[in-house]
$ cat upload11.cif   # mmCIF, C-alpha atoms
data_my_file
#
loop_
_atom_site.group_PDB
_atom_site.id
_atom_site.type_symbol
_atom_site.label_atom_id
_atom_site.label_comp_id
_atom_site.auth_asym_id
_atom_site.auth_seq_id
_atom_site.Cartn_x
_atom_site.Cartn_y
_atom_site.Cartn_z
ATOM 1 C CA MET A 1 27.940 -24.521 -35.208
ATOM 2 C CA PHE A 2 28.821 -22.539 -32.089
ATOM 3 C CA GLU A 3 31.426 -19.833 -31.992
ATOM 4 C CA PHE A 4 33.056 -18.237 -28.954
ATOM 5 C CA SER A 5 34.723 -14.855 -29.168
ATOM 6 C CA ALA A 6 36.553 -12.853 -26.524
ATOM 7 C CA PHE A 7 34.656 -12.258 -23.280
ATOM 8 C CA SER A 8 33.533 -8.633 -23.091
ATOM 9 C CA LEU A 9 31.647 -6.368 -20.713
ATOM 10 C CA TYR A 10 28.623 -6.878 -22.973
ATOM 11 C CA ASP A 11 28.781 -10.625 -22.316
ATOM 12 C CA ALA A 12 29.186 -10.033 -18.584
ATOM 13 C CA ALA A 13 26.072 -7.841 -18.582
ATOM 14 C CA PHE A 14 24.203 -10.519 -20.529
ATOM 15 C CA LEU A 15 25.266 -13.213 -18.042
ATOM 16 C CA ALA A 16 24.075 -11.075 -15.107
ATOM 17 C CA ILE A 17 20.741 -10.308 -16.790
ATOM 18 C CA GLY A 18 20.274 -13.929 -17.852
ATOM 19 C CA GLY A 19 21.077 -15.093 -14.324
ATOM 20 C CA VAL A 20 18.413 -12.812 -12.821
ATOM 21 C CA THR A 21 15.892 -13.984 -15.432
ATOM 22 C CA ILE A 22 16.561 -17.676 -14.812
ATOM 23 C CA LEU A 23 16.588 -17.279 -11.014
ATOM 24 C CA GLY A 24 13.257 -15.467 -11.253
ATOM 25 C CA ALA A 25 11.799 -18.228 -13.414
ATOM 26 C CA LEU A 26 13.058 -20.871 -10.976
ATOM 27 C CA GLY A 27 11.494 -18.909 -8.127
ATOM 28 C CA VAL A 28 8.118 -18.979 -9.891
ATOM 29 C CA VAL A 29 8.253 -22.775 -9.941
ATOM 30 C CA LEU A 30 9.927 -23.465 -6.607
ATOM 31 C CA PHE A 31 8.300 -21.024 -4.145
ATOM 32 C CA ARG A 32 5.629 -22.711 -2.037
ATOM 33 C CA ASN A 33 3.692 -19.464 -1.586
ATOM 34 C CA ILE A 34 2.085 -18.416 -4.865
ATOM 35 C CA ILE A 35 2.352 -14.693 -3.985
ATOM 36 C CA TYR A 36 6.145 -15.097 -3.835
ATOM 37 C CA SER A 37 5.955 -16.904 -7.193
ATOM 38 C CA ALA A 38 4.080 -13.928 -8.672
ATOM 39 C CA LEU A 39 6.661 -11.463 -7.313
ATOM 40 C CA SER A 40 9.418 -13.692 -8.672
ATOM 41 C CA LEU A 41 7.747 -13.506 -12.078
ATOM 42 C CA VAL A 42 8.247 -9.715 -11.967
ATOM 43 C CA PHE A 43 12.019 -10.286 -11.787
ATOM 44 C CA THR A 44 11.842 -12.581 -14.819
ATOM 45 C CA MET A 45 9.888 -9.959 -16.771
ATOM 46 C CA LEU A 46 12.361 -7.229 -15.795
ATOM 47 C CA GLY A 47 15.204 -9.519 -16.889
ATOM 48 C CA VAL A 48 13.552 -10.032 -20.281
ATOM 49 C CA ALA A 49 13.134 -6.241 -20.542
ATOM 50 C CA ALA A 50 16.852 -5.805 -19.810
ATOM 51 C CA ILE A 51 17.657 -8.276 -22.611
ATOM 52 C CA TYR A 52 15.504 -6.190 -24.979
ATOM 53 C CA PHE A 53 17.446 -3.088 -23.947
ATOM 54 C CA GLN A 54 20.714 -4.912 -24.533
ATOM 55 C CA LEU A 55 19.548 -5.941 -28.010
ATOM 56 C CA ASN A 56 18.949 -2.248 -28.764
ATOM 57 C CA ALA A 57 15.165 -2.649 -28.776
ATOM 58 C CA GLY A 58 14.488 0.117 -26.270
ATOM 59 C CA PHE A 59 10.829 0.675 -27.098
ATOM 60 C CA LEU A 60 10.058 -3.023 -26.702
ATOM 61 C CA GLY A 61 11.934 -3.026 -23.387
ATOM 62 C CA ALA A 62 9.968 -0.021 -22.161
ATOM 63 C CA ILE A 63 6.706 -1.750 -23.130
ATOM 64 C CA GLN A 64 7.866 -4.906 -21.360
ATOM 65 C CA ILE A 65 8.433 -2.931 -18.142
ATOM 66 C CA LEU A 66 5.297 -0.800 -18.468
ATOM 67 C CA VAL A 67 2.820 -3.507 -19.484
ATOM 68 C CA TYR A 68 4.222 -6.818 -18.238
ATOM 69 C CA ALA A 69 6.189 -5.897 -15.127
ATOM 70 C CA GLY A 70 3.833 -3.020 -14.313
ATOM 71 C CA ALA A 71 0.299 -4.054 -15.181
ATOM 72 C CA ILE A 72 0.124 -7.806 -15.945
ATOM 73 C CA SER A 73 1.972 -8.691 -12.734
ATOM 74 C CA VAL A 74 -0.426 -6.517 -10.692
ATOM 75 C CA LEU A 75 -3.300 -8.262 -12.449
ATOM 76 C CA ILE A 76 -1.863 -11.700 -11.609
ATOM 77 C CA ILE A 77 -1.304 -10.740 -7.953
ATOM 78 C CA PHE A 78 -4.833 -9.318 -7.632
ATOM 79 C CA ALA A 79 -6.254 -12.469 -9.243
ATOM 80 C CA VAL A 80 -4.365 -14.591 -6.699
ATOM 81 C CA MET A 81 -5.560 -12.372 -3.839
ATOM 82 C CA LEU A 82 -9.118 -12.711 -5.136
ATOM 83 C CA LEU A 83 -9.035 -16.510 -5.320
ATOM 84 C CA MET A 84 -6.791 -17.560 -2.436
ATOM 85 C CA ASP A 85 -8.905 -19.439 0.090
ATOM 86 C CA LYS A 86 -6.368 -21.701 1.773
ATOM 87 C CA ASP A 87 -3.147 -21.326 3.749
ATOM 88 C CA ALA A 88 -0.862 -19.018 1.758
ATOM 89 C CA ARG A 89 2.256 -21.059 2.559
ATOM 90 C CA ARG A 90 0.803 -24.111 0.794
ATOM 91 C CA THR A 91 -0.623 -22.565 -2.384
ATOM 92 C CA ASN A 92 2.076 -23.627 -4.865
ATOM 93 C CA LEU A 93 3.155 -27.096 -3.748
ATOM 94 C CA PRO A 94 4.832 -29.519 -6.174
ATOM 95 C CA THR A 95 2.426 -32.120 -7.499
ATOM 96 C CA PRO A 96 2.584 -35.527 -5.782
ATOM 97 C CA ARG A 97 1.636 -37.409 -8.970
ATOM 98 C CA THR A 98 4.618 -39.047 -10.699
ATOM 99 C CA LYS A 99 2.742 -39.104 -14.019
ATOM 100 C CA ALA A 100 2.612 -35.286 -13.985
ATOM 101 C CA TRP A 101 6.338 -35.121 -13.142
ATOM 102 C CA PHE A 102 7.086 -37.391 -16.091
ATOM 103 C CA ALA A 103 4.892 -35.408 -18.505
ATOM 104 C CA GLY A 104 6.363 -32.077 -17.383
ATOM 105 C CA GLY A 105 9.910 -33.376 -17.657
ATOM 106 C CA THR A 106 9.289 -34.747 -21.153
ATOM 107 C CA ILE A 107 7.815 -31.465 -22.408
ATOM 108 C CA THR A 108 10.698 -29.495 -20.848
ATOM 109 C CA MET A 109 13.302 -31.726 -22.504
ATOM 110 C CA MET A 110 11.562 -31.479 -25.885
ATOM 111 C CA MET A 111 11.401 -27.676 -25.627
ATOM 112 C CA LEU A 112 15.053 -27.495 -24.557
ATOM 113 C CA ALA A 113 16.161 -29.763 -27.413
ATOM 114 C CA SER A 114 14.222 -27.783 -30.024
ATOM 115 C CA ILE A 115 15.574 -24.429 -28.747
ATOM 116 C CA ILE A 116 19.167 -25.718 -28.745
ATOM 117 C CA ALA A 117 18.681 -27.166 -32.234
ATOM 118 C CA ALA A 118 17.115 -23.927 -33.504
ATOM 119 C CA VAL A 119 19.997 -21.820 -32.146
ATOM 120 C CA GLY A 120 22.605 -24.278 -33.356
ATOM 121 C CA PHE A 121 21.422 -24.786 -36.924
ATOM 122 C CA THR A 122 20.535 -21.167 -37.725
ATOM 123 C CA GLU A 123 22.953 -19.372 -40.051
ATOM 124 C CA TRP A 124 23.726 -16.191 -38.086
ATOM 125 C CA PRO A 125 24.961 -13.179 -40.100
ATOM 126 C CA LYS A 126 28.689 -12.725 -39.575
ATOM 127 C CA THR A 127 28.754 -8.961 -40.060
ATOM 128 C CA ALA A 128 27.221 -6.631 -37.512
ATOM 129 C CA LEU A 129 23.936 -5.203 -38.779
ATOM 130 C CA GLN A 130 23.422 -1.479 -38.626
ATOM 131 C CA GLY A 131 21.089 -0.799 -35.698
ATOM 132 C CA VAL A 132 18.001 1.275 -36.332
ATOM 133 C CA ASP A 133 18.486 4.585 -34.554
ATOM 134 C CA ASN A 134 14.939 5.909 -34.677
ATOM 135 C CA SER A 135 12.790 2.793 -34.314
ATOM 136 C CA VAL A 136 9.991 4.569 -32.425
ATOM 137 C CA GLY A 137 9.592 7.157 -35.173
ATOM 138 C CA MET A 138 9.485 4.490 -37.865
ATOM 139 C CA LEU A 139 6.948 2.597 -35.772
ATOM 140 C CA ALA A 140 4.778 5.703 -35.514
ATOM 141 C CA GLU A 141 4.882 6.313 -39.268
ATOM 142 C CA LEU A 142 3.904 2.704 -40.017
ATOM 143 C CA MET A 143 1.269 2.560 -37.293
ATOM 144 C CA LEU A 144 -0.504 5.761 -38.346
ATOM 145 C CA GLY A 145 0.196 5.274 -42.060
ATOM 146 C CA ASP A 146 0.059 1.843 -43.681
ATOM 147 C CA TYR A 147 -1.438 -0.038 -40.740
ATOM 148 C CA VAL A 148 -4.007 2.468 -39.540
ATOM 149 C CA ILE A 149 -6.914 0.011 -39.837
ATOM 150 C CA ALA A 150 -5.104 -2.486 -37.614
ATOM 151 C CA PHE A 151 -4.349 0.374 -35.218
ATOM 152 C CA GLU A 152 -8.005 1.354 -34.886
ATOM 153 C CA ALA A 153 -8.937 -2.334 -34.633
ATOM 154 C CA ALA A 154 -6.564 -2.530 -31.646
ATOM 155 C CA ALA A 155 -8.611 0.223 -29.997
ATOM 156 C CA ILE A 156 -11.804 -1.795 -30.513
ATOM 157 C CA LEU A 157 -10.037 -4.897 -29.148
ATOM 158 C CA LEU A 158 -9.069 -2.981 -26.005
ATOM 159 C CA LEU A 159 -12.639 -1.681 -25.690
ATOM 160 C CA VAL A 160 -13.994 -5.240 -25.902
ATOM 161 C CA ALA A 161 -11.455 -6.333 -23.270
ATOM 162 C CA VAL A 162 -12.521 -3.584 -20.841
ATOM 163 C CA ILE A 163 -16.252 -4.259 -21.311
ATOM 164 C CA GLY A 164 -15.774 -8.031 -21.111
ATOM 165 C CA ALA A 165 -13.803 -7.728 -17.899
ATOM 166 C CA ILE A 166 -16.462 -5.542 -16.284
ATOM 167 C CA ILE A 167 -19.285 -7.853 -17.367
ATOM 168 C CA LEU A 168 -17.433 -10.892 -16.026
ATOM 169 C CA ALA A 169 -16.674 -9.335 -12.643
ATOM 170 C CA LYS A 170 -19.987 -7.528 -12.136
ATOM 171 C CA GLY A 171 -22.068 -10.492 -13.292
ATOM 172 C CA VAL A 172 -20.474 -12.663 -10.637
ATOM 173 C CA GLU A 173 -21.183 -10.035 -7.981
ATOM 174 C CA ASN A 174 -24.876 -9.576 -8.801
ATOM 175 C CA ARG A 175 -25.913 -13.219 -8.893
ATOM 176 C CA MET B 1 16.402 8.768 -28.067
ATOM 177 C CA LEU B 2 17.355 6.200 -25.486
ATOM 178 C CA THR B 3 20.377 4.633 -27.096
ATOM 179 C CA ASN B 4 23.049 5.209 -24.464
ATOM 180 C CA TYR B 5 22.374 1.921 -22.693
ATOM 181 C CA PRO B 6 25.760 1.514 -20.947
ATOM 182 C CA ALA B 7 25.083 4.786 -19.101
ATOM 183 C CA LEU B 8 21.663 3.421 -18.185
ATOM 184 C CA GLY B 9 23.321 0.260 -16.852
ATOM 185 C CA ILE B 10 25.795 2.255 -14.779
ATOM 186 C CA PHE B 11 22.916 4.304 -13.329
ATOM 187 C CA PHE B 12 21.128 1.047 -12.501
ATOM 188 C CA LEU B 13 24.202 -0.321 -10.690
ATOM 189 C CA ILE B 14 24.612 2.935 -8.715
ATOM 190 C CA THR B 15 20.912 2.790 -7.799
ATOM 191 C CA ILE B 16 21.423 -0.680 -6.357
ATOM 192 C CA ALA B 17 24.749 0.130 -4.702
ATOM 193 C CA PHE B 18 23.518 3.281 -2.945
ATOM 194 C CA PRO B 19 20.943 1.737 -0.567
ATOM 195 C CA VAL B 20 23.135 -1.338 -0.033
ATOM 196 C CA THR B 21 26.038 0.912 1.011
ATOM 197 C CA ALA B 22 23.824 3.062 3.226
ATOM 198 C CA MET B 23 22.309 0.054 5.000
ATOM 199 C CA GLY B 24 25.695 -1.655 5.255
ATOM 200 C CA LEU B 25 27.344 1.386 6.837
ATOM 201 C CA ALA B 26 24.412 1.752 9.237
ATOM 202 C CA TRP B 27 24.812 -1.918 10.186
ATOM 203 C CA LEU B 28 28.563 -1.383 10.701
ATOM 204 C CA PHE B 29 28.297 1.663 12.963
ATOM 205 C CA ARG B 30 25.083 1.007 14.887
ATOM 206 C CA PRO B 31 25.228 -0.080 18.548
ATOM 207 C CA LYS B 32 24.822 -3.862 18.545
ATOM 208 C CA PRO B 33 21.937 -5.215 20.665
ATOM 209 C CA LYS B 34 23.013 -7.001 23.845
ATOM 210 C CA ALA B 35 20.156 -9.535 24.097
ATOM 211 C CA ALA B 36 18.480 -11.529 21.313
ATOM 212 C CA PRO B 37 15.190 -9.914 20.123
ATOM 213 C CA ASP B 38 12.127 -11.411 21.807
ATOM 214 C CA ASP B 39 8.724 -12.274 20.314
ATOM 215 C CA GLU B 40 7.285 -8.844 21.119
ATOM 216 C CA LYS B 41 9.758 -7.209 18.769
ATOM 217 C CA PHE B 42 8.647 -9.359 15.824
ATOM 218 C CA THR B 43 4.905 -8.713 16.299
ATOM 219 C CA THR B 44 3.091 -7.449 13.208
ATOM 220 C CA TYR B 45 1.367 -4.124 13.650
ATOM 221 C CA GLU B 46 -0.646 -1.773 11.487
ATOM 222 C CA CYS B 47 -0.138 1.893 12.370
ATOM 223 C CA GLY B 48 0.808 0.913 15.899
ATOM 224 C CA VAL B 49 -2.279 -1.274 16.405
ATOM 225 C CA ASN B 50 -2.183 -5.072 16.609
ATOM 226 C CA THR B 51 -3.667 -6.832 13.552
ATOM 227 C CA GLN B 52 -7.151 -8.356 13.745
ATOM 228 C CA GLY B 53 -7.427 -11.866 12.320
ATOM 229 C CA LYS B 54 -5.409 -13.340 9.460
ATOM 230 C CA THR B 55 -3.622 -11.115 6.963
ATOM 231 C CA TRP B 56 -3.644 -13.637 4.069
ATOM 232 C CA ILE B 57 -7.290 -13.253 3.148
ATOM 233 C CA ARG B 58 -9.296 -12.996 -0.069
ATOM 234 C CA PHE B 59 -9.721 -9.489 -1.410
ATOM 235 C CA LYS B 60 -12.626 -7.776 -3.125
ATOM 236 C CA VAL B 61 -13.191 -8.071 -6.871
ATOM 237 C CA ASN B 62 -12.814 -4.282 -7.151
ATOM 238 C CA TYR B 63 -9.018 -4.557 -6.957
ATOM 239 C CA PHE B 64 -9.076 -6.890 -9.954
ATOM 240 C CA LEU B 65 -11.414 -4.598 -11.891
ATOM 241 C CA TYR B 66 -9.148 -1.627 -11.273
ATOM 242 C CA ALA B 67 -6.149 -3.635 -12.461
ATOM 243 C CA LEU B 68 -7.990 -4.710 -15.631
ATOM 244 C CA VAL B 69 -9.103 -1.188 -16.527
ATOM 245 C CA PHE B 70 -5.592 0.054 -15.740
ATOM 246 C CA LEU B 71 -4.110 -2.581 -18.052
ATOM 247 C CA ALA B 72 -6.308 -1.486 -20.968
ATOM 248 C CA PHE B 73 -5.336 2.161 -20.565
ATOM 249 C CA ASP B 74 -1.701 1.200 -20.012
ATOM 250 C CA VAL B 75 -1.714 -0.406 -23.466
ATOM 251 C CA GLU B 76 -3.322 2.780 -24.796
ATOM 252 C CA ILE B 77 -0.364 4.777 -23.438
ATOM 253 C CA VAL B 78 1.974 2.412 -25.310
ATOM 254 C CA PHE B 79 0.211 3.377 -28.544
ATOM 255 C CA LEU B 80 0.239 7.081 -27.662
ATOM 256 C CA TYR B 81 3.995 7.218 -27.102
ATOM 257 C CA PRO B 82 5.265 6.722 -30.710
ATOM 258 C CA TRP B 83 2.603 9.170 -31.905
ATOM 259 C CA ALA B 84 3.830 11.762 -29.400
ATOM 260 C CA VAL B 85 7.440 11.269 -30.531
ATOM 261 C CA LYS B 86 6.549 11.901 -34.186
ATOM 262 C CA PHE B 87 3.734 14.381 -33.566
ATOM 263 C CA GLY B 88 5.330 17.302 -35.426
ATOM 264 C CA VAL B 89 6.005 15.296 -38.590
ATOM 265 C CA LEU B 90 2.842 13.233 -38.878
ATOM 266 C CA GLY B 91 0.371 16.039 -39.472
ATOM 267 C CA PRO B 92 -3.397 16.467 -39.016
ATOM 268 C CA PHE B 93 -4.489 13.096 -40.427
ATOM 269 C CA ALA B 94 -2.556 11.221 -37.725
ATOM 270 C CA PHE B 95 -4.063 13.588 -35.155
ATOM 271 C CA ILE B 96 -7.588 12.653 -36.271
ATOM 272 C CA GLU B 97 -6.669 8.946 -36.244
ATOM 273 C CA MET B 98 -5.449 9.285 -32.671
ATOM 274 C CA ILE B 99 -8.577 11.195 -31.621
ATOM 275 C CA ILE B 100 -10.677 8.289 -33.001
ATOM 276 C CA PHE B 101 -8.463 5.819 -31.124
ATOM 277 C CA ILE B 102 -8.889 7.686 -27.840
ATOM 278 C CA ALA B 103 -12.629 8.153 -28.450
ATOM 279 C CA ILE B 104 -13.120 4.387 -28.892
ATOM 280 C CA LEU B 105 -11.299 3.767 -25.614
ATOM 281 C CA LEU B 106 -13.264 6.513 -23.854
ATOM 282 C CA ILE B 107 -16.393 4.446 -24.560
ATOM 283 C CA GLY B 108 -14.749 1.775 -22.403
ATOM 284 C CA LEU B 109 -14.121 4.274 -19.620
ATOM 285 C CA TRP B 110 -17.702 5.538 -19.875
ATOM 286 C CA TYR B 111 -19.014 1.959 -19.631
ATOM 287 C CA ALA B 112 -16.802 1.210 -16.617
ATOM 288 C CA TRP B 113 -18.062 4.390 -14.976
ATOM 289 C CA LYS B 114 -21.721 3.587 -15.782
ATOM 290 C CA GLU B 115 -21.432 0.057 -14.391
ATOM 291 C CA GLY B 116 -19.904 1.353 -11.175
ATOM 292 C CA ALA B 117 -16.574 -0.410 -11.695
ATOM 293 C CA LEU B 118 -14.777 2.695 -10.483
ATOM 294 C CA GLU B 119 -16.819 2.981 -7.290
ATOM 295 C CA TRP B 120 -15.358 1.798 -4.028
ATOM 296 C CA TYR B 121 -17.962 0.482 -1.647
#
$ encode --input "upload11.cif" --output "structure tokens"
Amino acid sequence: MFEFSAFSLYDAAFLAIGGVTILGALGVVLFRNIIYSALSLVFTMLGVAAIYFQLNAGFLGAIQILVYAGAISVLIIFAVMLLMDKDARRTNLPTPRTKAWFAGGTITMMMLASIIAAVGFTEWPKTALQGVDNSVGMLAELMLGDYVIAFEAAAILLLVAVIGAIILAKGVENR
Amino acid sequence: MLTNYPALGIFFLITIAFPVTAMGLAWLFRPKPKAAPDDEKFTTYECGVNTQGKTWIRFKVNYFLYALVFLAFDVEIVFLYPWAVKFGVLGPFAFIEMIIFIAILLIGLWYAWKEGALEWY
């Protein structure tokens, strides 16, 4: 099921990246100030980006940094700044209800069990696959070739998102 | 392309080590303060002026609007990048496709402009 090979620099880098990612995720949950939680989420996103880079998916990693760590996190922080109306140090307190603790714990355990089972029972290829050297170029040819309709539909989706956001925010301001 | 990731990692480590070393050396060689810092030293100030009221307040919706519009155009840049990499090979049809893509998104910018989402008041 599991197989352990010699410990390499690659593994050390993965452990460091994974550690940062997990510490960031813990920070999101454990910080009492929700702004600190949001900033901690940036570390998690950067850690995920580093894992993409390590898996030789550079374009995906760059997108992760540009969109998630760069734009989504700013959006989350601005949303928090917009809505925060109580003491900042008490915005992300743990819930006092034991029922919620129990439900959260159950879901976490189920997720953990299914991830461990999925990793354990998958037949991983034993030989190293040849990495794609020019993934961005291939992506461009597919995006502007076979999938051009989906590509233009993405533009319309983005347009709808921009207009929807403006209508939502402006509508609230005018009324 | 970007495939030399170990070099990138070494650069990253140097980037972290440089400020840590600089601050550490400064801490090592600086004259140590005789007395413990008092309250006055820890006062918050903005441009040398004391702050007025609380700093953890609610902000205007304009910040959020800017972030949303930025996010949409950030995703547009993500689509532009592979096209730019393969620009020479793809030819005029891909160029027209990209012009249509940008034109559709420019409608969004025009709408944001028209609705005053870019104004700061």
$ resolve_selection --input "upload11.cif" --expression "the PyMOL selection byres ((chain B) within 9 of (chain A))" --output "PyMOL selection string"
chain B and resi 1-3+5-6+9+56-76+78-79+81-87+90+93-94+97-98+100-102+104-109+111-112+115-117
$ atom_distance --input "upload11.cif" --atom1 "atom CA of Ala150 of chain A" --atom2 "atom CA of Phe95 of chain B"
16.3 Å
$ atom_distance --input "upload11.cif" --atom1 "atom CA of Val20 of chain B" --atom2 "atom CA of Leu23 of chain A"
20.4 Å
$ atom_distance --input "upload11.cif" --atom1 "atom CA of Ala49 of chain A" --atom2 "atom CA of Ile17 of chain A"
9.4 Å
$ axis_aligned_box --input "upload11.cif" --around "segment 112-130 of chain A" --padding-each-side "8 Å" --output "AutoDock Vina command-line options"
--center_x 21.5 --center_y -15.6 --center_z -32.3 --size_x 30.5 --size_y 44.3 --size_z 31.5
$ closest_residue --input "upload11.cif" --among "A:Gly24, A:Gly104, A:Gly18, A:Pro125" --to "Ser37 of chain A" --atoms "only C-alpha atoms"
A:Gly24
$ build_atoms --input "upload11.cif" --residues "segment 3-23 of chain B" --atoms "N, CA and C atoms" --output "CSV table (one decimal), in the frame of the given file"
chain,number,residue,atom,x,y,z
B,3,THR,N,19.5,5.6,-26.5
B,3,THR,CA,20.4,4.6,-27.1
B,3,THR,C,21.6,4.4,-26.3
B,4,ASN,N,21.8,5.3,-25.2
B,4,ASN,CA,23.0,5.2,-24.5
B,4,ASN,C,22.9,4.2,-23.3
B,5,TYR,N,22.7,2.9,-23.7
B,5,TYR,CA,22.4,1.9,-22.7
B,5,TYR,C,23.5,1.7,-21.7
B,6,PRO,N,24.8,1.7,-22.0
B,6,PRO,CA,25.8,1.5,-20.9
B,6,PRO,C,25.6,2.5,-19.8
B,7,ALA,N,25.3,3.8,-20.1
B,7,ALA,CA,25.1,4.8,-19.1
B,7,ALA,C,23.9,4.4,-18.2
B,8,LEU,N,22.9,3.9,-18.9
B,8,LEU,CA,21.7,3.4,-18.2
B,8,LEU,C,22.0,2.3,-17.2
B,9,GLY,N,22.9,1.4,-17.7
B,9,GLY,CA,23.3,0.3,-16.9
B,9,GLY,C,24.1,0.7,-15.7
B,10,ILE,N,25.0,1.7,-15.9
B,10,ILE,CA,25.8,2.3,-14.8
B,10,ILE,C,24.9,2.9,-13.8
B,11,PHE,N,23.9,3.7,-14.2
B,11,PHE,CA,22.9,4.3,-13.3
B,11,PHE,C,22.2,3.2,-12.5
B,12,PHE,N,21.8,2.1,-13.2
B,12,PHE,CA,21.1,1.0,-12.5
B,12,PHE,C,22.0,0.5,-11.4
B,13,LEU,N,23.3,0.2,-11.7
B,13,LEU,CA,24.2,-0.3,-10.7
B,13,LEU,C,24.4,0.6,-9.5
B,14,ILE,N,24.5,2.0,-9.8
B,14,ILE,CA,24.6,2.9,-8.7
B,14,ILE,C,23.3,2.9,-7.9
B,15,THR,N,22.2,2.8,-8.5
B,15,THR,CA,20.9,2.8,-7.8
B,15,THR,C,20.9,1.6,-6.8
B,16,ILE,N,21.4,0.5,-7.3
B,16,ILE,CA,21.4,-0.7,-6.4
B,16,ILE,C,22.5,-0.5,-5.3
B,17,ALA,N,23.6,0.0,-5.7
B,17,ALA,CA,24.7,0.1,-4.7
B,17,ALA,C,24.5,1.1,-3.6
B,18,PHE,N,23.7,2.2,-3.9
B,18,PHE,CA,23.5,3.3,-2.9
B,18,PHE,C,22.8,2.8,-1.7
B,19,PRO,N,21.6,2.2,-1.8
B,19,PRO,CA,20.9,1.7,-0.6
B,19,PRO,C,21.7,0.6,0.1
B,20,VAL,N,22.4,-0.3,-0.7
B,20,VAL,CA,23.1,-1.3,0.0
B,20,VAL,C,24.3,-0.7,0.8
B,21,THR,N,25.0,0.3,0.3
B,21,THR,CA,26.0,0.9,1.0
B,21,THR,C,25.5,1.6,2.3
B,22,ALA,N,24.4,2.3,2.1
B,22,ALA,CA,23.8,3.1,3.2
B,22,ALA,C,23.4,2.1,4.4
B,23,MET,N,22.7,1.0,4.0
B,23,MET,CA,22.3,0.1,5.0
B,23,MET,C,23.5,-0.7,5.6
